[in-house]
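Asker: The following file, model_9.cif, comprises mmCIF, N, CA and C atoms:
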```cif
data_model
#
loop_
_atom_site.label_atom_id
_atom_site.label_comp_id
_atom_site.auth_asym_id
_atom_site.auth_seq_id
_atom_site.Cartn_x
_atom_site.Cartn_y
_atom_site.Cartn_z
N MET A 77 58.13 16.12 11.28
CA MET A 77 59.49 15.67 11.35
C MET A 77 59.60 14.25 10.78
N SER A 78 60.81 13.85 10.47
CA SER A 78 61.04 12.51 9.94
C SER A 78 60.95 11.50 11.08
N MET A 79 61.14 10.25 10.76
CA MET A 79 61.13 9.21 11.77
C MET A 79 62.54 8.94 12.31
N ASN A 80 63.51 9.75 11.90
CA ASN A 80 64.89 9.59 12.33
C ASN A 80 65.23 10.71 13.30
N PRO A 81 65.41 10.38 14.60
CA PRO A 81 65.68 11.42 15.59
C PRO A 81 66.92 12.26 15.27
N ALA A 82 67.94 11.66 14.70
CA ALA A 82 69.16 12.41 14.38
C ALA A 82 68.87 13.46 13.30
N ILE A 83 68.09 13.09 12.29
CA ILE A 83 67.72 14.04 11.24
C ILE A 83 66.82 15.13 11.81
N ASP A 84 65.86 14.73 12.66
CA ASP A 84 64.98 15.71 13.29
C ASP A 84 65.79 16.74 14.08
N ALA A 85 66.73 16.26 14.87
CA ALA A 85 67.56 17.17 15.68
C ALA A 85 68.38 18.08 14.77
N PHE A 86 68.91 17.52 13.72
CA PHE A 86 69.70 18.33 12.78
C PHE A 86 68.82 19.39 12.13
N LEU A 87 67.60 19.03 11.71
CA LEU A 87 66.71 20.00 11.08
C LEU A 87 66.32 21.12 12.03
N VAL A 88 66.11 20.80 13.29
CA VAL A 88 65.80 21.83 14.29
C VAL A 88 66.99 22.79 14.40
N ARG A 89 68.19 22.22 14.51
CA ARG A 89 69.38 23.07 14.60
C ARG A 89 69.58 23.88 13.33
N LEU A 90 69.32 23.29 12.17
CA LEU A 90 69.46 24.01 10.90
C LEU A 90 68.48 25.17 10.83
N ARG A 91 67.25 24.95 11.24
CA ARG A 91 66.25 26.03 11.23
C ARG A 91 66.67 27.17 12.17
N GLN A 92 67.12 26.82 13.36
CA GLN A 92 67.56 27.84 14.31
C GLN A 92 68.75 28.61 13.76
N TRP A 93 69.68 27.88 13.20
CA TRP A 93 70.86 28.50 12.62
C TRP A 93 70.49 29.41 11.46
N TRP A 94 69.58 28.93 10.59
CA TRP A 94 69.19 29.71 9.43
C TRP A 94 68.55 31.02 9.84
N GLN A 95 67.68 30.96 10.84
CA GLN A 95 67.01 32.17 11.29
C GLN A 95 68.01 33.17 11.87
N ALA A 96 69.03 32.69 12.55
CA ALA A 96 70.00 33.57 13.19
C ALA A 96 71.03 34.11 12.20
N GLN A 97 71.40 33.32 11.21
CA GLN A 97 72.47 33.72 10.31
C GLN A 97 72.13 33.36 8.87
N ASP A 98 71.31 34.16 8.30
CA ASP A 98 70.76 33.95 6.96
C ASP A 98 71.81 33.67 5.89
N GLN A 99 72.94 34.31 5.95
CA GLN A 99 73.94 34.21 4.88
C GLN A 99 75.13 33.30 5.22
N GLU A 100 75.04 32.53 6.29
CA GLU A 100 76.18 31.74 6.74
C GLU A 100 76.66 30.72 5.70
N LEU A 101 75.77 30.10 4.95
CA LEU A 101 76.20 29.12 3.95
C LEU A 101 77.16 29.73 2.94
N ALA A 102 76.92 30.97 2.57
CA ALA A 102 77.78 31.63 1.59
C ALA A 102 79.19 31.82 2.14
N ARG A 103 79.33 31.85 3.45
CA ARG A 103 80.64 32.06 4.08
C ARG A 103 81.44 30.77 4.25
N LEU A 104 80.78 29.62 4.13
CA LEU A 104 81.48 28.35 4.31
C LEU A 104 82.37 28.05 3.11
N ASP A 105 83.49 27.39 3.38
CA ASP A 105 84.30 26.97 2.24
C ASP A 105 83.60 25.78 1.58
N SER A 106 83.93 25.53 0.36
CA SER A 106 83.21 24.53 -0.43
C SER A 106 83.29 23.12 0.16
N SER A 107 84.41 22.77 0.80
CA SER A 107 84.52 21.42 1.37
C SER A 107 83.58 21.26 2.57
N GLU A 108 83.46 22.29 3.40
CA GLU A 108 82.57 22.22 4.56
C GLU A 108 81.11 22.19 4.10
N LEU A 109 80.78 23.01 3.12
CA LEU A 109 79.42 23.01 2.56
C LEU A 109 79.09 21.64 1.98
N SER A 110 80.01 21.06 1.26
CA SER A 110 79.79 19.72 0.68
C SER A 110 79.61 18.67 1.76
N ARG A 111 80.37 18.76 2.85
CA ARG A 111 80.25 17.81 3.95
C ARG A 111 78.87 17.90 4.61
N ILE A 112 78.43 19.12 4.87
CA ILE A 112 77.11 19.32 5.47
C ILE A 112 76.02 18.80 4.54
N ALA A 113 76.13 19.12 3.28
CA ALA A 113 75.14 18.68 2.30
C ALA A 113 75.10 17.16 2.22
N GLN A 114 76.26 16.52 2.22
CA GLN A 114 76.32 15.07 2.16
C GLN A 114 75.63 14.45 3.37
N GLU A 115 75.81 15.04 4.55
CA GLU A 115 75.13 14.55 5.75
C GLU A 115 73.61 14.63 5.61
N CYS A 116 73.15 15.59 4.82
CA CYS A 116 71.71 15.75 4.58
C CYS A 116 71.22 14.92 3.40
N GLY A 117 72.15 14.26 2.72
CA GLY A 117 71.77 13.43 1.58
C GLY A 117 71.46 14.22 0.33
N MET A 118 72.16 15.33 0.14
CA MET A 118 71.92 16.15 -1.05
C MET A 118 73.21 16.82 -1.50
N SER A 119 73.13 17.48 -2.64
CA SER A 119 74.30 18.19 -3.15
C SER A 119 74.42 19.54 -2.45
N ALA A 120 75.60 20.13 -2.54
CA ALA A 120 75.81 21.46 -1.97
C ALA A 120 74.89 22.48 -2.63
N GLU A 121 74.67 22.33 -3.93
CA GLU A 121 73.78 23.25 -4.66
C GLU A 121 72.35 23.14 -4.15
N ASP A 122 71.89 21.90 -3.93
CA ASP A 122 70.53 21.70 -3.41
C ASP A 122 70.39 22.29 -2.01
N LEU A 123 71.39 22.05 -1.16
CA LEU A 123 71.34 22.58 0.20
C LEU A 123 71.29 24.10 0.18
N THR A 124 72.12 24.72 -0.64
CA THR A 124 72.13 26.18 -0.74
C THR A 124 70.79 26.71 -1.23
N ALA A 125 70.22 26.06 -2.24
CA ALA A 125 68.93 26.50 -2.78
C ALA A 125 67.82 26.37 -1.75
N ILE A 126 67.80 25.26 -1.05
CA ILE A 126 66.76 25.04 -0.04
C ILE A 126 66.93 26.01 1.12
N ALA A 127 68.14 26.18 1.59
CA ALA A 127 68.39 27.10 2.71
C ALA A 127 68.01 28.53 2.36
N SER A 128 68.21 28.91 1.09
CA SER A 128 67.88 30.27 0.69
C SER A 128 66.38 30.53 0.70
N ARG A 129 65.58 29.46 0.66
CA ARG A 129 64.13 29.62 0.67
C ARG A 129 63.55 29.68 2.08
N GLY A 130 64.34 29.35 3.08
CA GLY A 130 63.89 29.47 4.45
C GLY A 130 63.44 28.17 5.06
N PRO A 131 63.29 28.19 6.39
CA PRO A 131 62.98 26.96 7.11
C PRO A 131 61.57 26.42 6.88
N GLN A 132 60.68 27.23 6.35
CA GLN A 132 59.32 26.75 6.09
C GLN A 132 59.08 26.45 4.61
N SER A 133 60.13 26.19 3.87
CA SER A 133 60.01 26.06 2.42
C SER A 133 59.21 24.85 1.96
N ALA A 134 58.98 23.87 2.84
CA ALA A 134 58.19 22.69 2.45
C ALA A 134 56.85 22.64 3.18
N ASP A 135 56.45 23.72 3.84
CA ASP A 135 55.20 23.71 4.60
C ASP A 135 53.98 23.42 3.73
N LEU A 136 53.99 23.87 2.49
CA LEU A 136 52.84 23.61 1.61
C LEU A 136 52.69 22.11 1.34
N LEU A 137 53.80 21.40 1.31
CA LEU A 137 53.75 19.94 1.16
C LEU A 137 52.97 19.32 2.31
N TYR A 138 53.26 19.76 3.54
CA TYR A 138 52.58 19.19 4.70
C TYR A 138 51.09 19.51 4.67
N ASP A 139 50.74 20.69 4.20
CA ASP A 139 49.33 21.06 4.07
C ASP A 139 48.63 20.17 3.04
N ARG A 140 49.29 19.95 1.91
CA ARG A 140 48.70 19.10 0.86
C ARG A 140 48.57 17.67 1.36
N MET A 141 49.60 17.18 2.04
CA MET A 141 49.54 15.82 2.57
C MET A 141 48.38 15.67 3.56
N ALA A 142 48.17 16.66 4.41
CA ALA A 142 47.07 16.61 5.37
C ALA A 142 45.73 16.52 4.64
N LEU A 143 45.57 17.30 3.57
CA LEU A 143 44.33 17.23 2.79
C LEU A 143 44.13 15.85 2.16
N LEU A 144 45.24 15.21 1.82
CA LEU A 144 45.17 13.88 1.20
C LEU A 144 45.10 12.76 2.23
N GLY A 145 45.17 13.11 3.50
CA GLY A 145 45.12 12.10 4.56
C GLY A 145 46.42 11.35 4.74
N LEU A 146 47.53 11.99 4.40
CA LEU A 146 48.84 11.36 4.52
C LEU A 146 49.64 11.99 5.66
N SER A 147 50.35 11.16 6.39
CA SER A 147 51.25 11.65 7.42
C SER A 147 52.69 11.39 6.97
N ARG A 148 53.61 12.00 7.65
CA ARG A 148 55.02 11.74 7.36
C ARG A 148 55.36 10.28 7.62
N ALA A 149 54.75 9.71 8.64
CA ALA A 149 54.98 8.29 8.94
C ALA A 149 54.47 7.41 7.80
N ASP A 150 53.33 7.77 7.19
CA ASP A 150 52.82 7.01 6.04
C ASP A 150 53.85 6.99 4.92
N VAL A 151 54.44 8.14 4.67
CA VAL A 151 55.44 8.27 3.59
C VAL A 151 56.66 7.41 3.89
N GLU A 152 57.16 7.48 5.10
CA GLU A 152 58.36 6.72 5.46
C GLU A 152 58.10 5.21 5.48
N ARG A 153 56.86 4.80 5.72
CA ARG A 153 56.55 3.36 5.66
C ARG A 153 56.68 2.84 4.24
N VAL A 154 56.41 3.68 3.26
CA VAL A 154 56.50 3.25 1.87
C VAL A 154 57.97 3.14 1.45
N ALA A 155 58.75 4.15 1.77
CA ALA A 155 60.17 4.14 1.37
C ALA A 155 60.96 5.07 2.26
N GLN A 156 61.97 4.52 2.91
CA GLN A 156 62.83 5.34 3.75
C GLN A 156 63.52 6.38 2.88
N GLY A 157 63.50 7.62 3.33
CA GLY A 157 64.12 8.70 2.58
C GLY A 157 63.18 9.41 1.62
N LEU A 158 62.01 8.84 1.37
CA LEU A 158 61.07 9.46 0.43
C LEU A 158 60.59 10.81 0.95
N MET A 159 60.36 10.93 2.25
CA MET A 159 59.89 12.19 2.80
C MET A 159 60.90 13.30 2.52
N LYS A 160 62.18 12.99 2.68
CA LYS A 160 63.22 13.97 2.41
C LYS A 160 63.20 14.39 0.94
N ASP A 161 62.97 13.44 0.04
CA ASP A 161 62.89 13.77 -1.38
C ASP A 161 61.69 14.66 -1.68
N LEU A 162 60.55 14.36 -1.07
CA LEU A 162 59.36 15.19 -1.27
C LEU A 162 59.60 16.60 -0.74
N GLN A 163 60.24 16.70 0.43
CA GLN A 163 60.54 18.01 1.01
C GLN A 163 61.49 18.80 0.12
N ARG A 164 62.52 18.15 -0.37
CA ARG A 164 63.48 18.82 -1.23
C ARG A 164 62.81 19.32 -2.51
N THR A 165 61.96 18.49 -3.10
CA THR A 165 61.26 18.87 -4.33
C THR A 165 60.33 20.05 -4.07
N CYS A 166 59.57 19.99 -2.98
CA CYS A 166 58.66 21.08 -2.64
C CYS A 166 59.44 22.36 -2.37
N SER A 167 60.52 22.24 -1.64
CA SER A 167 61.32 23.42 -1.30
C SER A 167 61.84 24.13 -2.53
N ALA A 168 62.17 23.38 -3.56
CA ALA A 168 62.73 23.96 -4.78
C ALA A 168 61.67 24.38 -5.80
N CYS A 169 60.41 24.11 -5.53
CA CYS A 169 59.34 24.38 -6.48
C CYS A 169 59.13 25.87 -6.70
N GLY A 170 58.87 26.24 -7.92
CA GLY A 170 58.61 27.63 -8.28
C GLY A 170 57.14 28.00 -8.31
N GLU A 171 56.28 27.10 -7.90
CA GLU A 171 54.83 27.34 -7.96
C GLU A 171 54.22 27.63 -6.59
N LYS A 172 54.99 28.18 -5.68
CA LYS A 172 54.52 28.39 -4.30
C LYS A 172 53.26 29.26 -4.23
N GLN A 173 53.22 30.35 -4.97
CA GLN A 173 52.05 31.24 -4.88
C GLN A 173 50.77 30.55 -5.34
N GLY A 174 50.84 29.85 -6.47
CA GLY A 174 49.66 29.13 -6.96
C GLY A 174 49.24 28.03 -6.00
N CYS A 175 50.19 27.34 -5.45
CA CYS A 175 49.90 26.26 -4.50
C CYS A 175 49.26 26.83 -3.24
N LYS A 176 49.84 27.89 -2.72
CA LYS A 176 49.31 28.51 -1.51
C LYS A 176 47.88 29.01 -1.73
N SER A 177 47.66 29.62 -2.88
CA SER A 177 46.32 30.12 -3.22
C SER A 177 45.32 28.97 -3.36
N ASP A 178 45.72 27.92 -4.05
CA ASP A 178 44.84 26.76 -4.22
C ASP A 178 44.51 26.10 -2.87
N LEU A 179 45.49 25.96 -2.03
CA LEU A 179 45.25 25.36 -0.71
C LEU A 179 44.29 26.21 0.12
N ALA A 180 44.40 27.52 0.00
CA ALA A 180 43.55 28.42 0.78
C ALA A 180 42.14 28.53 0.23
N SER A 181 42.01 28.63 -1.09
CA SER A 181 40.69 28.92 -1.66
C SER A 181 40.01 27.74 -2.32
N ARG A 182 40.78 26.76 -2.78
CA ARG A 182 40.19 25.62 -3.48
C ARG A 182 40.90 24.32 -3.09
N PRO A 183 40.86 23.97 -1.82
CA PRO A 183 41.65 22.82 -1.37
C PRO A 183 41.26 21.49 -2.01
N GLU A 184 40.03 21.33 -2.44
CA GLU A 184 39.59 20.07 -3.03
C GLU A 184 39.76 20.02 -4.54
N ASP A 185 40.09 21.16 -5.15
CA ASP A 185 40.28 21.23 -6.60
C ASP A 185 41.48 20.39 -7.01
N LYS A 186 41.36 19.64 -8.07
CA LYS A 186 42.44 18.76 -8.53
C LYS A 186 43.46 19.48 -9.42
N GLY A 187 43.30 20.79 -9.61
CA GLY A 187 44.21 21.55 -10.47
C GLY A 187 45.65 21.52 -10.02
N TRP A 188 45.89 21.31 -8.73
CA TRP A 188 47.26 21.28 -8.21
C TRP A 188 48.10 20.21 -8.88
N LYS A 189 47.43 19.16 -9.37
CA LYS A 189 48.17 18.06 -9.98
C LYS A 189 48.89 18.48 -11.26
N SER A 190 48.43 19.55 -11.88
CA SER A 190 49.03 19.99 -13.14
C SER A 190 50.35 20.75 -12.94
N TYR A 191 50.60 21.26 -11.75
CA TYR A 191 51.83 22.02 -11.53
C TYR A 191 52.72 21.47 -10.41
N CYS A 192 52.19 20.63 -9.56
CA CYS A 192 52.96 20.14 -8.41
C CYS A 192 53.97 19.08 -8.85
N PRO A 193 55.26 19.31 -8.60
CA PRO A 193 56.26 18.31 -8.98
C PRO A 193 56.17 17.03 -8.14
N ASN A 194 55.42 17.07 -7.03
CA ASN A 194 55.23 15.89 -6.19
C ASN A 194 53.89 15.19 -6.44
N ALA A 195 53.12 15.66 -7.40
CA ALA A 195 51.76 15.13 -7.61
C ALA A 195 51.73 13.62 -7.81
N ILE A 196 52.56 13.10 -8.68
CA ILE A 196 52.54 11.66 -8.97
C ILE A 196 52.91 10.87 -7.72
N SER A 197 53.93 11.33 -7.00
CA SER A 197 54.33 10.64 -5.78
C SER A 197 53.23 10.68 -4.73
N LEU A 198 52.61 11.83 -4.55
CA LEU A 198 51.55 11.96 -3.54
C LEU A 198 50.34 11.10 -3.90
N GLU A 199 49.96 11.09 -5.17
CA GLU A 199 48.84 10.24 -5.60
C GLU A 199 49.16 8.76 -5.37
N SER A 200 50.38 8.38 -5.67
CA SER A 200 50.80 6.99 -5.44
C SER A 200 50.76 6.64 -3.96
N LEU A 201 51.19 7.57 -3.12
CA LEU A 201 51.16 7.34 -1.68
C LEU A 201 49.73 7.17 -1.16
N VAL A 202 48.82 7.94 -1.69
CA VAL A 202 47.41 7.81 -1.30
C VAL A 202 46.92 6.40 -1.64
N ARG A 203 47.26 5.93 -2.85
CA ARG A 203 46.85 4.59 -3.26
C ARG A 203 47.50 3.49 -2.42
N LEU A 204 48.74 3.72 -2.00
CA LEU A 204 49.47 2.71 -1.23
C LEU A 204 49.16 2.72 0.25
N LYS A 205 48.59 3.82 0.74
CA LYS A 205 48.33 3.94 2.17
C LYS A 205 47.50 2.75 2.66
N GLY A 206 47.93 2.17 3.75
CA GLY A 206 47.23 1.03 4.31
C GLY A 206 47.75 -0.32 3.83
N HIS A 207 48.61 -0.29 2.84
CA HIS A 207 49.19 -1.55 2.32
C HIS A 207 50.52 -1.89 2.96
N PHE A 208 50.98 -1.04 3.88
CA PHE A 208 52.24 -1.26 4.57
C PHE A 208 51.96 -1.32 6.07
N PRO A 209 52.73 -2.10 6.80
CA PRO A 209 52.49 -2.20 8.25
C PRO A 209 52.66 -0.86 8.95
N ALA A 210 51.88 -0.67 9.98
CA ALA A 210 51.95 0.60 10.75
C ALA A 210 53.15 0.65 11.64
#
```
Using structure tokens, write down the structure that the file contains.
Answerer:
Amino acid sequence: MSMNPAIDAFLVRLRQWWQAQDQELARLDSSELSRIAQECGMSAEDLTAIASRGPQSADLLYDRMALLGLSRADVERVAQGLMKDLQRTCSACGEKQGCKSDLASRPEDKGWKSYCPNAISLESLVRLKGHFPA
């Protein structure tokens, strides 16, 4: 979860809602969808795309971060909101199968850097870790 309790609570509610009503976003009028998306710091299109992928759409990011020795708190110490950007990018990524396979069978292989849209950010975070107050 993020370091913001309000966002954490919202994400929990969003996950519960998504599981119960898979198609609810499509039923919202555009102004309500835009309002919800704005509260999440993204466009309505991004929110719709991420919601369509399910509540675990960024889980591979957390697995990769764990392998790199990064926590969500480490990311937020570098830049507030960066974790949300990493999650959004991972959620929208089209390389899920390759990433999942690499994490399962070759977790130490550096090949993930060639397809991961978060690779540069994650590598930078590894280099910066420890340079910001805890």
Asker: Take atom C of A:Gln156 and atom C of A:Glu100 and report the distance between them in Å, one decimal.
Answerer: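 Those two atoms sit 27.8 Å apart.
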Asker: Can you give me, as a list in words, the residues this file yields under the PyMOL selection byres ((chain A and resi 146-151) around 8)?
Answerer: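 What the PyMOL selection byres ((chain A and resi 146-151) around 8) grabs from the file is Met77, Ser78, Met79, Tyr138, Arg140, Met141, Ala142, Leu143, Leu144, Gly145, Glu152, Arg153, Val154, Ala155, Gln156, Gly157, Leu158, Met159, Lys160, Leu201, Val202, Leu204, Lys205, Gly206 and Ala210 of chain A.
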Asker: Report, in Å with one decimal, the straight-line distance from atom N of A:Leu137 to atom CA of A:Gly187.
Answerer: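 Between these atoms lies a distance of 15.2 Å.
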Asker: As an exercise, work out the distance from atom N of A:Ser167 to atom CA of A:Thr124 in Å and give it to one decimal place.
Answerer: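 Between atom N of A:Ser167 and atom CA of A:Thr124 the gap works out to 12.3 Å.
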Asker: Name the residues that the PyMOL selection byres ((chain A and resi 134) around 8) picks from the file above, as a list of chain:residue names, using the file's chain letters and numbers.
Answerer: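 Applied to this file, the PyMOL selection byres ((chain A and resi 134) around 8) returns A:Arg129, A:Gly130, A:Pro131, A:Gln132, A:Ser133, A:Asp135, A:Leu136, A:Leu137, A:Tyr138, A:Asp139, A:Leu162, A:Gln163, A:Arg164, A:Thr165, A:Cys166, A:Ser167, A:Ala168.
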Asker: For the helix (DSSP H, G or I) assignment from backbone DSSP, which residues of stretch 78-207 of chain A qualify? Please present them as a PyMOL selection string.
Answerer: chain A and resi 81-96+100-103+106-115+120-129+135-144+148-154+158-168+172-181+186-190+195-204
Asker: If you count only C-alpha atoms, which residues fall within 8 Å of A:Trp188, apart from same-chain ones fewer than 4 positions away, as an MDAnalysis selection string?
Answerer: chainID A and resid 175 178 192 195
Asker: I need the residue nearest A:Lys172 from this list: A:Ser200, A:Pro193, A:Asp105, A:Leu87. Use only C-alpha atoms for the distance.
Answerer: A:Pro193
Asker: Taking all atoms of stretch 175-192 of chain A that the file lists, what box with edges along x, y and z, padded by 6 Å per side, do you get, with centre and edge lengths in Å to one decimal, as lines of an AutoDock Vina configuration file?
Answerer:
```
center_x = 46.8
center_y = 24.1
center_z = -6.2
size_x = 26.4
size_y = 24.1
size_z = 25.9
```
